[in-house]
Number of protein chains: 2
Amino acid sequence: MKIVVLTKGLKQKHIDLINETAKEAGAHVCYAESEKQFPEGFEEPDIIYGFGIETARSSKNLKWLCVPSAGVDYLMHPDAFGNEECILTNSAGAYGVSIAEHIIAVTLMMMRRLTEFHAETLQKTWGSPKPQKSLKDCRITVLGTGDIGCSFARRAKAFEPESLTGICRSGVCNESSFDRILKIGELDSVLPQTDLLVMSLPATAETENILSRGRIEMLPEGAYVVNVGRGSAIDEDALADALDSGKLGGAALDVFRTEPLPESSRLWNTPNLLITPHVAGNLTLAHTMDRNVEMFCEDLISFANGLPMKHVVNRKLGY
Amino acid sequence: MKIVVLTKGLKQKHIDLINETAKEAGAHVCYAESEKQFPEGFEEPDIIYGFGIETARSSKNLKWLCVPSAGVDYLMHPDAFGNEECILTNSAGAYGVSIAEHIIAVTLMMMRRLTEFHAETLQKTWGSPKPQKSLKDCRITVLGTGDIGCSFARRAKAFEPESLTGICRSGVCNESSFDRILKIGELDSVLPQTDLLVMSLPATAETENILSRGRIEMLPEGAYVVNVGRGSAIDEDALADALDSGKLGGAALDVFRTEPLPESSRLWNTPNLLITPHVAGNLTLAHTMDRNVEMFCEDLISFANGLPMKHVVNRKLGY
């Protein structure tokens with residue numbers, strides 16, 4: 001059994017863990033910079049841990065692709081796998097901590113107008129108080145209650161919000177920090193009572209444009225929107241209109257329909273919009289990388305022993 | 001019994017509550033813009049709610065001064081009260097929510113390098129990942145375990161820090177979010193194990209320069225410092241040196257030895273220093289103003305009935 005590891009940014013401790021686990025699993029492992037440079041003897045790997053997208057498409061032999069990302073939308077087209085039986089696992093579960101911290105950070109930056117204070121500071125200007133909002137007594141709706149949504153909810157709960165509503169496809173989620181879990185069909189009834197809408201959804205047919213122009217209009221005056229899932233979930237033009245008009249208090253987007261965001265995008269100039277370049281969950285955070293590697297190794301033992309793997313993607317649902 | 005209210009920014013609901021409570025207490029109440037313009041008949045008030053600093057100094061009649069701030073250092077000199085028996089209450093307890101949110105926000109902004117991403121965004125530049133830190137597994141020390149320190153601890157706990165240590169004069173604090181509470185004498189032993197030092201101390205003789213040059217040196221490489229108490233607690237020059245040299249990961253100061261911070265201050269140009277103009281706890285947050293007024297009204301009923309008041313300052317300790 002041959003494994004090629006393409007994941008970038010591994011530290012020695014990660015390599016040690018992968019090597020030990022491969023040994024336990026009876027597998028040979030090598031590390032490659034890119035798909036164009038597989039080492040000798042590893043040209044036809046059984047397993048790839050990393051973005052082995054081209055190999056997945058062309059190889060009839062690949063049995064398992066583990067990608068270090070949470071989202072797998074880029075692998076959801078019919079030609080993605082040369083071997084129809086190839087197992088796909090993702091790394092959802094590694095990003096919750098980092099992305100939850102990102103959501104809390106950008107929300108408070110907007111509510112407390114910290115970028116405005118910071119801009120004044122850069123001018124050596126001692127600013128004056130500005131109207132502020134708070135997570136306390138805030139009505140929070142979390143669209144998508146996977147690892148990210150739940151990790152956020154556990155943190156947000158400590159800020160004493162008025163309500164914390166989770167919304168997901170099934171209407172079922174065991175995270176006790178939520179006051180209630182609703183099915184996605186009930187979204188429209190919740191939006192008018194939402195001061196902060198957090199979106200942590202995968203890109204699927206069901207989530208495409210889910211925050212449409214009509215739904216943005218349902219939000220109350222001064223509401224905030226944070227998107228850390230996929231850009232396809234939002235009507236970006238309608239969101240920009242709602243920020244331009246002052247209807248929304250602010251929005252923070254880490255993901256966009258086109259990434260990198262084109263220089264011509266109107267979003268660069270939209271007021272009260274906090275843009276980050278898809279970094280809410282990057283692997284530069286030690287904890288995220290640790291979890292990512294641990295999750296692969298956990299599944300590697302299961303794979304070798306023919307046991308159920310924990311992080312398998314449901315390719316029908318797309319996550 | 002005559003009350004003059006000097007507190008700014010009251011909404012009608014606050015005025016209604018004060019008026020109702022004054023009626024219940026058998027008191028007459030008026031509202032004034034400044035100490036120079038007390039309305040007719042209220043020239044010698046029994047009670048002032050607001051910054052009645054001059055009146056407190058000159059009046060032999062003032063029986064109770066309630067200031068809307070948490071810190072009262074500016075009233076700790078021997079000539080502060082013309083009437084030695086005048087009761088002083090403060091509004092510690094109103095600011096915990098706002099200042100705790102500020103601490104979380106600026107800490108995550110530093111750890112996640114959000115001001116750098118924001119600066120790139122202003123240039124329409126799609127930035128690339130940067131090394132990040134996390135509150136998860138962070139060793140947090142909170143210096144000062146009053147309302148602010150405890151409100152922060154409750155929120156910080158949800159981020160799964162490795163440890164959460166409270167330090168105060170008495171070594172006693174009932175907030176269960178802390179893993180342990182130590183006396184201030186044990187500070188030196190804790191600093192080398194502190195990744196994030198949060199300072200929420202009143203300005204007293206005991207806290208003057210408590211974060212000295214020597215103690216800054218005890219912090220580990222890459223540690224973060226957040227001060228929301230009073231500027232007198234820090235050797236600002238030593239802190240700037242530790243940021244200039246890259247020893248510290250970052251610092252966020254909302255309070256300074258001289259406020260507004262003079263244009264000539266080197267702090268304006270110190271790297272990895274997030275400056276805010278003493279706004280972590282301002283009254284522009286609705287919750288803070290609500291609590292502030294509620295606390296005064298609560299004590300007003302007690303005062304009128306000769307019962308113990310909740311928010312009396314111990315003028316010997318200075319808080």
# chains A, B, ... in the order shown; residues from 1 in each chain; ligands from 1
>>> interface_residues(of="chain A", to="chain B", cutoff="9 Å", atoms="only C-alpha atoms", output="ChimeraX atom specification")
/A:97-98,101-102,104-109,112,114-115,117-118,121-137,154-159,259-263,268-269,274-280,282-287
>>> select_by_dssp(residues="region 41-104 of chain A", states="strand (DSSP E or B)", output="VMD selection string")
chain A and resid 47 to 49 64 to 66 87 to 89
>>> write_last_selection(atoms="C-alpha atoms", output="PDB file, in the first residue's frame")
ATOM      1  CA  ILE A  47      -3.730   6.828  -1.124  1.00  0.00           C
ATOM      2  CA  ILE A  48      -3.125  10.538  -1.439  1.00  0.00           C
ATOM      3  CA  TYR A  49      -3.229  12.913   1.523  1.00  0.00           C
ATOM      4  CA  TRP A  64      -8.578   6.911  -1.186  1.00  0.00           C
ATOM      5  CA  LEU A  65      -8.128  10.656  -1.504  1.00  0.00           C
ATOM      6  CA  CYS A  66      -7.957  12.625   1.759  1.00  0.00           C
ATOM      7  CA  ILE A  87     -13.110   6.972  -1.223  1.00  0.00           C
ATOM      8  CA  LEU A  88     -13.068  10.708  -0.553  1.00  0.00           C
ATOM      9  CA  THR A  89     -12.456  12.052   2.954  1.00  0.00           C
TER      10      THR A  89
END
>>> select_by_dssp(residues="region 83-216 of chain A", states="helix (DSSP H, G or I)", output="ChimeraX atom specification")
/A:96-111,114-122,147-157,184-193,213-216
>>> atom_distance(atom1="CA of Ser189 (chain A)", atom2="CA of Thr207 (chain A)")
17.3 Å
>>> residues_around(residues="Val67 (chain A)", least_positions_apart="5", cutoff="12 Å", atoms="only C-alpha atoms", output="MDAnalysis selection string")
chainID A and resid 4:8 47:53 56 72:75 87:92 94 292:293 295:296 311:313
>>> atom_distance(atom1="CA of Lys13 (chain A)", atom2="CA of Ser69 (chain A)")
20.2 Å
>>> atom_distance(atom1="CA of Ser170 (chain B)", atom2="CA of Ile184 (chain B)")
7.7 Å
>>> residues_around(residues="Glu236 (chain A)", least_positions_apart="2", cutoff="12 Å", atoms="only C-alpha atoms", output="ChimeraX atom specification")
/A:208-213,216,225,227,230-234,238-243,251-253,255-258,261,265-268,270,273
>>> residues_around(residues="region 200-204 of chain A", least_positions_apart="5", cutoff="9 Å", atoms="only C-alpha atoms", output="PDB file with N, CA and C atoms, in the first residue's frame")
ATOM      1  N   ALA A  70     -11.960  21.487   4.237  1.00  0.00           N
ATOM      2  CA  ALA A  70     -13.282  21.074   4.715  1.00  0.00           C
ATOM      3  C   ALA A  70     -14.252  21.016   3.531  1.00  0.00           C
ATOM      4  N   GLY A  71     -14.249  22.062   2.720  1.00  0.00           N
ATOM      5  CA  GLY A  71     -15.107  22.083   1.536  1.00  0.00           C
ATOM      6  C   GLY A  71     -14.542  21.177   0.450  1.00  0.00           C
ATOM      7  N   VAL A  72     -15.417  20.482  -0.290  1.00  0.00           N
ATOM      8  CA  VAL A  72     -14.968  19.575  -1.352  1.00  0.00           C
ATOM      9  C   VAL A  72     -15.720  19.850  -2.646  1.00  0.00           C
ATOM     10  N   ASP A  73     -16.329  21.014  -2.758  1.00  0.00           N
ATOM     11  CA  ASP A  73     -17.134  21.358  -3.931  1.00  0.00           C
ATOM     12  C   ASP A  73     -16.360  21.178  -5.230  1.00  0.00           C
ATOM     13  N   MET A  76     -16.809  17.770  -6.918  1.00  0.00           N
ATOM     14  CA  MET A  76     -18.180  17.265  -7.038  1.00  0.00           C
ATOM     15  C   MET A  76     -18.671  17.127  -8.476  1.00  0.00           C
ATOM     16  N   VAL A 142     -27.308  30.732  13.071  1.00  0.00           N
ATOM     17  CA  VAL A 142     -26.167  30.063  12.457  1.00  0.00           C
ATOM     18  C   VAL A 142     -26.687  29.126  11.370  1.00  0.00           C
ATOM     19  N   LEU A 143     -26.339  29.446  10.146  1.00  0.00           N
ATOM     20  CA  LEU A 143     -26.805  28.672   8.994  1.00  0.00           C
ATOM     21  C   LEU A 143     -25.707  27.662   8.660  1.00  0.00           C
ATOM     22  N   GLY A 144     -25.967  26.402   9.001  1.00  0.00           N
ATOM     23  CA  GLY A 144     -24.947  25.359   8.855  1.00  0.00           C
ATOM     24  C   GLY A 144     -24.414  25.001  10.229  1.00  0.00           C
ATOM     25  N   THR A 145     -24.752  23.794  10.695  1.00  0.00           N
ATOM     26  CA  THR A 145     -24.394  23.429  12.065  1.00  0.00           C
ATOM     27  C   THR A 145     -23.410  22.264  12.084  1.00  0.00           C
ATOM     28  N   GLY A 146     -22.445  22.317  11.164  1.00  0.00           N
ATOM     29  CA  GLY A 146     -21.342  21.351  11.201  1.00  0.00           C
ATOM     30  C   GLY A 146     -20.339  21.752  12.266  1.00  0.00           C
ATOM     31  N   ILE A 148     -17.912  23.778  12.202  1.00  0.00           N
ATOM     32  CA  ILE A 148     -17.677  25.219  12.290  1.00  0.00           C
ATOM     33  C   ILE A 148     -18.812  25.919  13.028  1.00  0.00           C
ATOM     34  N   GLY A 149     -20.039  25.652  12.596  1.00  0.00           N
ATOM     35  CA  GLY A 149     -21.192  26.272  13.240  1.00  0.00           C
ATOM     36  C   GLY A 149     -21.278  25.933  14.723  1.00  0.00           C
ATOM     37  N   CYS A 168     -30.119  23.777   9.827  1.00  0.00           N
ATOM     38  CA  CYS A 168     -29.425  22.829   8.943  1.00  0.00           C
ATOM     39  C   CYS A 168     -30.444  22.019   8.156  1.00  0.00           C
ATOM     40  N   VAL A 226     -22.074  37.355   8.443  1.00  0.00           N
ATOM     41  CA  VAL A 226     -20.705  36.827   8.359  1.00  0.00           C
ATOM     42  C   VAL A 226     -20.750  35.546   7.541  1.00  0.00           C
ATOM     43  N   ASN A 227     -19.946  35.465   6.481  1.00  0.00           N
ATOM     44  CA  ASN A 227     -19.893  34.229   5.679  1.00  0.00           C
ATOM     45  C   ASN A 227     -18.486  33.642   5.687  1.00  0.00           C
ATOM     46  N   VAL A 228     -18.389  32.406   6.174  1.00  0.00           N
ATOM     47  CA  VAL A 228     -17.113  31.689   6.200  1.00  0.00           C
ATOM     48  C   VAL A 228     -17.210  30.357   5.454  1.00  0.00           C
ATOM     49  N   GLY A 229     -18.362  30.117   4.812  1.00  0.00           N
ATOM     50  CA  GLY A 229     -18.557  28.841   4.115  1.00  0.00           C
ATOM     51  C   GLY A 229     -18.048  28.921   2.694  1.00  0.00           C
ATOM     52  N   ARG A 230     -18.953  29.223   1.772  1.00  0.00           N
ATOM     53  CA  ARG A 230     -18.582  29.374   0.372  1.00  0.00           C
ATOM     54  C   ARG A 230     -19.302  30.595  -0.193  1.00  0.00           C
ATOM     55  N   GLY A 231     -18.628  31.293  -1.108  1.00  0.00           N
ATOM     56  CA  GLY A 231     -19.170  32.523  -1.672  1.00  0.00           C
ATOM     57  C   GLY A 231     -20.456  32.330  -2.449  1.00  0.00           C
ATOM     58  N   SER A 232     -20.649  31.131  -2.989  1.00  0.00           N
ATOM     59  CA  SER A 232     -21.830  30.870  -3.810  1.00  0.00           C
ATOM     60  C   SER A 232     -23.134  30.968  -3.025  1.00  0.00           C
ATOM     61  N   ALA A 233     -23.051  31.020  -1.710  1.00  0.00           N
ATOM     62  CA  ALA A 233     -24.262  31.044  -0.883  1.00  0.00           C
ATOM     63  C   ALA A 233     -24.934  32.414  -0.850  1.00  0.00           C
ATOM     64  N   LEU A 317     -24.569  14.155  -1.261  1.00  0.00           N
ATOM     65  CA  LEU A 317     -24.921  15.413  -0.604  1.00  0.00           C
ATOM     66  C   LEU A 317     -23.882  16.497  -0.890  1.00  0.00           C
ATOM     67  N   GLY A 318     -22.649  16.077  -1.144  1.00  0.00           N
ATOM     68  CA  GLY A 318     -21.605  17.050  -1.456  1.00  0.00           C
ATOM     69  C   GLY A 318     -20.880  17.594  -0.245  1.00  0.00           C
ATOM     70  N   TYR A 319     -20.980  16.907   0.901  1.00  0.00           N
ATOM     71  CA  TYR A 319     -20.219  17.317   2.098  1.00  0.00           C
ATOM     72  C   TYR A 319     -20.148  16.173   3.082  1.00  0.00           C
TER      73      TYR A 319
END
>>> decode(residues="region 158-186 of chain B", atoms="N, CA and C atoms", output="mmCIF file, in the first residue's frame")
data_model
loop_
_atom_site.group_PDB
_atom_site.id
_atom_site.type_symbol
_atom_site.label_atom_id
_atom_site.label_comp_id
_atom_site.auth_asym_id
_atom_site.auth_seq_id
_atom_site.Cartn_x
_atom_site.Cartn_y
_atom_site.Cartn_z
ATOM 1 N N ALA B 158 -14.756 29.660 27.096
ATOM 2 C CA ALA B 158 -15.408 28.975 25.977
ATOM 3 C C ALA B 158 -14.450 28.736 24.810
ATOM 4 N N PHE B 159 -13.299 29.417 24.810
ATOM 5 C CA PHE B 159 -12.312 29.251 23.737
ATOM 6 C C PHE B 159 -11.313 28.139 24.049
ATOM 7 N N GLU B 160 -11.543 27.404 25.147
ATOM 8 C CA GLU B 160 -10.714 26.243 25.508
ATOM 9 C C GLU B 160 -9.242 26.586 25.705
ATOM 10 N N PRO B 161 -8.949 27.566 26.562
ATOM 11 C CA PRO B 161 -7.544 27.862 26.844
ATOM 12 C C PRO B 161 -6.912 26.718 27.641
ATOM 13 N N GLU B 162 -5.583 26.652 27.601
ATOM 14 C CA GLU B 162 -4.910 25.625 28.410
ATOM 15 C C GLU B 162 -5.102 25.919 29.888
ATOM 16 N N SER B 163 -4.986 27.195 30.254
ATOM 17 C CA SER B 163 -5.186 27.582 31.653
ATOM 18 C C SER B 163 -5.724 28.998 31.725
ATOM 19 N N LEU B 164 -6.419 29.271 32.803
ATOM 20 C CA LEU B 164 -7.048 30.572 33.017
ATOM 21 C C LEU B 164 -6.817 30.906 34.489
ATOM 22 N N THR B 165 -5.815 31.747 34.727
ATOM 23 C CA THR B 165 -5.398 32.076 36.085
ATOM 24 C C THR B 165 -5.834 33.491 36.436
ATOM 25 N N GLY B 166 -6.527 33.654 37.540
ATOM 26 C CA GLY B 166 -6.877 34.981 38.031
ATOM 27 C C GLY B 166 -5.926 35.401 39.136
ATOM 28 N N ILE B 167 -5.551 36.666 39.134
ATOM 29 C CA ILE B 167 -4.673 37.173 40.194
ATOM 30 C C ILE B 167 -5.304 38.425 40.792
ATOM 31 N N CYS B 168 -5.422 38.445 42.117
ATOM 32 C CA CYS B 168 -5.960 39.645 42.774
ATOM 33 C C CYS B 168 -5.312 39.811 44.144
ATOM 34 N N ARG B 169 -5.580 40.962 44.750
ATOM 35 C CA ARG B 169 -4.966 41.314 46.037
ATOM 36 C C ARG B 169 -5.256 40.246 47.080
ATOM 37 N N SER B 170 -6.542 39.883 47.204
ATOM 38 C CA SER B 170 -6.950 38.981 48.287
ATOM 39 C C SER B 170 -6.656 37.519 47.992
ATOM 40 N N GLY B 171 -6.530 37.186 46.708
ATOM 41 C CA GLY B 171 -6.401 35.770 46.348
ATOM 42 C C GLY B 171 -7.735 35.040 46.411
ATOM 43 N N VAL B 172 -8.825 35.785 46.576
ATOM 44 C CA VAL B 172 -10.153 35.179 46.685
ATOM 45 C C VAL B 172 -11.068 35.753 45.599
ATOM 46 N N CYS B 173 -11.719 34.872 44.855
ATOM 47 C CA CYS B 173 -12.664 35.290 43.816
ATOM 48 C C CYS B 173 -13.547 34.090 43.529
ATOM 49 N N ASN B 174 -14.846 34.319 43.427
ATOM 50 C CA ASN B 174 -15.779 33.195 43.300
ATOM 51 C C ASN B 174 -16.067 32.777 41.862
ATOM 52 N N GLU B 175 -15.446 33.433 40.907
ATOM 53 C CA GLU B 175 -15.742 33.131 39.508
ATOM 54 C C GLU B 175 -15.191 31.751 39.138
ATOM 55 N N SER B 176 -16.089 30.840 38.797
ATOM 56 C CA SER B 176 -15.676 29.449 38.581
ATOM 57 C C SER B 176 -14.986 29.227 37.239
ATOM 58 N N SER B 177 -15.022 30.206 36.337
ATOM 59 C CA SER B 177 -14.336 30.033 35.054
ATOM 60 C C SER B 177 -12.820 29.959 35.226
ATOM 61 N N PHE B 178 -12.316 30.577 36.282
ATOM 62 C CA PHE B 178 -10.867 30.512 36.516
ATOM 63 C C PHE B 178 -10.463 29.115 36.980
ATOM 64 N N ASP B 179 -9.312 28.656 36.495
ATOM 65 C CA ASP B 179 -8.781 27.386 36.985
ATOM 66 C C ASP B 179 -8.197 27.547 38.379
ATOM 67 N N ARG B 180 -7.677 28.740 38.635
ATOM 68 C CA ARG B 180 -7.102 29.014 39.956
ATOM 69 C C ARG B 180 -7.045 30.526 40.159
ATOM 70 N N ILE B 181 -7.046 30.916 41.431
ATOM 71 C CA ILE B 181 -6.909 32.322 41.804
ATOM 72 C C ILE B 181 -5.677 32.440 42.699
ATOM 73 N N LEU B 182 -4.795 33.349 42.343
ATOM 74 C CA LEU B 182 -3.579 33.539 43.132
ATOM 75 C C LEU B 182 -3.541 34.957 43.697
ATOM 76 N N LYS B 183 -2.765 35.115 44.763
ATOM 77 C CA LYS B 183 -2.535 36.446 45.317
ATOM 78 C C LYS B 183 -1.523 37.186 44.451
ATOM 79 N N ILE B 184 -1.589 38.494 44.538
ATOM 80 C CA ILE B 184 -0.761 39.320 43.662
ATOM 81 C C ILE B 184 0.739 39.062 43.878
ATOM 82 N N GLY B 185 1.099 38.611 45.064
ATOM 83 C CA GLY B 185 2.499 38.300 45.360
ATOM 84 C C GLY B 185 3.040 37.145 44.523
ATOM 85 N N GLU B 186 2.141 36.362 43.926
ATOM 86 C CA GLU B 186 2.585 35.203 43.134
ATOM 87 C C GLU B 186 2.717 35.517 41.646
#
